[in-house]
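Quick notes on the structure that follows.
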Amino acid sequence: STNGPIRCPSPESASSLGVSEEQAGGRYVDKLDDASREAFIRGRAISERAIADLGRIDRAHLTGQDPVTYDVVLTSMQNQVAAAQFEFGGGAQSPYVVTQLGGAYTQIPDFLDNRHPLTTRDEAEAYLSRLSAYARKLDQESAVIATDASAGMIPPDFSIDGAVSQLRGFAGTAPGQTVLVTSLLRRLPDVGEIPEADRAGILTRAETIVRDEVLPAYQRQIEALTAIRARAVHDAGISGRPRGAEMYEVALRNYTTTNMTADEIHSMGVELVNSIGAEMDTILRANGLTNGTVAARMAALGRRRDQVYPNTDAGRTQLLTDLNAQVAAITARMPEQFGTLARAPLRIERVPEYIQAGAPGGYYQPASLDGSRPGTYYINLRNTAEWPKFSLPALSYHEGVPGHHWQIAIQQEAEGLPFYRTALSFFGAFIEGWGLYSEMLADEIGMFADNPLNKLGYLQSAAFRSSRLVVDTGIHAKGWTREQAIQSMMEATGNDESSTVTEIERYCVIPGQACSYMVGRQAILRMRDSARTALGDRYDPKGFHDTLLTNGSTPLTVTEQLVNQWVASVQAPA
């Protein structure tokens, strides 16, 4: 039965989710994920065995939620195997092991600070074990960097430069001043079973591990990247790398859970950019902003003094206060649109300063399943000028409520679903499509009605995600340069150059991911339009939204089947 136990084999995911040792398949609190190429191949073999096991189940005989679970698990495993046929980095969807955006150095310090539990002496000892494991993981990645480079898989030059800059910044910090040690300093006083006299010893051991193991591993990773830098090219597209065209095709299919081609996605993006641009022009003109292109007028609006927070600690504090108010206001409206409400609290924080240079503008970290840690919406506050006030409500609705936090919390809290679907099922087109749909839903229920500039911010966000379809396919399928993509996105959105550069460089190193957002939103809208047409006056937004969210993240093909089943159930005679 597909209701059997499916364990969480990743120690980092297990800590993030707050699962039991039984669910994780054993003790994990003192371990990190294995980043070696051998572990990559083992993971592919596990997925291949899972596909074979599913093949021995007669899906036609499954009932209740089991057919959906079958389809969700099978699609997930097939996607993993398809991506892992390319033995570079993390596979087709993440072909470079270390970049300005990704790698252990961007993840593990924040993971240890915010997601490793620290309430007992055992967990403190486990923290120290994980510090040593962090050094090993960095070295595993450095070995993969060299192996991949020997096969011709080398990140673009700007990606290597960005990674080296951030690695050096951390490696140049005194061991006791790194977050790896200050996290213990901050949290140990709350561990009641560790006497004050013992804390100094734990801190000394942590500082020793950072000095003797972690920071030297940072230096070795810097050397590994520096060694391949001379062979790096500025060409950003994956198509110029070994088997690059094949990789991009697989990445698009996995990220969008559709069979849309790069040309089809590119055309969709061009059409949406044009139509959204026309709508922005209408609002700009209605507000007396008539001179120049839409992009130029949006850029000018973004620089206006009344739209910019001071780039100071006080300005950042006010920005976060305003985000919390936006989320609170829309949360109060959720019972109008949803029968099932999320229970997990949401925390809004700035991206950690030690990774903010290469990090995206905003992202979400789900809550733990055990309730010990809330969901967290991170916003990059390296420069508040990147966040004009009119741009923030749409971001809050996307990352927080009713977007990622709302959707993922309802998934985690769903009753009657197996562990895999509540905790481990994540399909980019569904999740990111829902995030974009949430921005549109906020507009539809009037959240921008009292401020046309905020409506412009929402439309700019939609134009931004539409532009992603154009630039991602441009870079990876049409031979566009990094600079060509930057210019295209700035012309489509009016966003500032620094944030646009960060975005474009992100798409360069994770081919296809940027296409999941708008492809997913358009699919959800098509499903909603179809349901409204079929049901007429009987259409209920609560029923539609609950159908999507209480079933968790699903491939778009499965999502459509679920919506069709809901429509049929509403149509059926009482």
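Within each chain, counting starts at residue 1; across the structure tokens, chains are named A, B, ... in the order shown, with ligands numbered 1 upward in that order.
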Residues within 8 Å of stretch 71-88 of chain A, only C-alpha atoms, excluding chain neighbours under 4 positions, as a list in words: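 Listing them by chain and then by number gives Arg37, Phe40, Ile41, Arg44, Ser47, Glu48, Ala50, Ile51, Leu54, Pro67, Ala92, Gln93, Pro95, Tyr96, Val97, Asp148, Met153, Met247, Val250, Ala251, Asn254, Tyr420, Arg421, Ser425, Thr554, Pro555 and Val558 of chain A.
Between A:Asp529 and the residues A:Glu503, A:Glu193, A:Glu560, A:Asp443, the shortest atom-to-atom distance, using only C-alpha atoms, involves A:Glu560.
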From A:Pro511, A:Gly361, A:Gly552, A:Gly240, residue lying nearest A:Phe426 [only C-alpha atoms]: A:Gly552
All residues 8 Å or closer to stretch 476-478 of chain A, only C-alpha atoms, same chain fewer than 4 positions away omitted, as a ChimeraX atom specification: /A:236-239,245,248,262,472,508,511
A:Pro9, A:Pro374, A:Gly416, A:Gly520 ranked by distance to A:Glu22, top pick (using only C-alpha atoms):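 Smallest distance to A:Glu22 is found for A:Pro9.
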Distance criterion (only C-alpha atoms): nearest to A:Thr178 out of A:Glu353, A:Glu386, A:Glu38, A:Glu415: A:Glu353
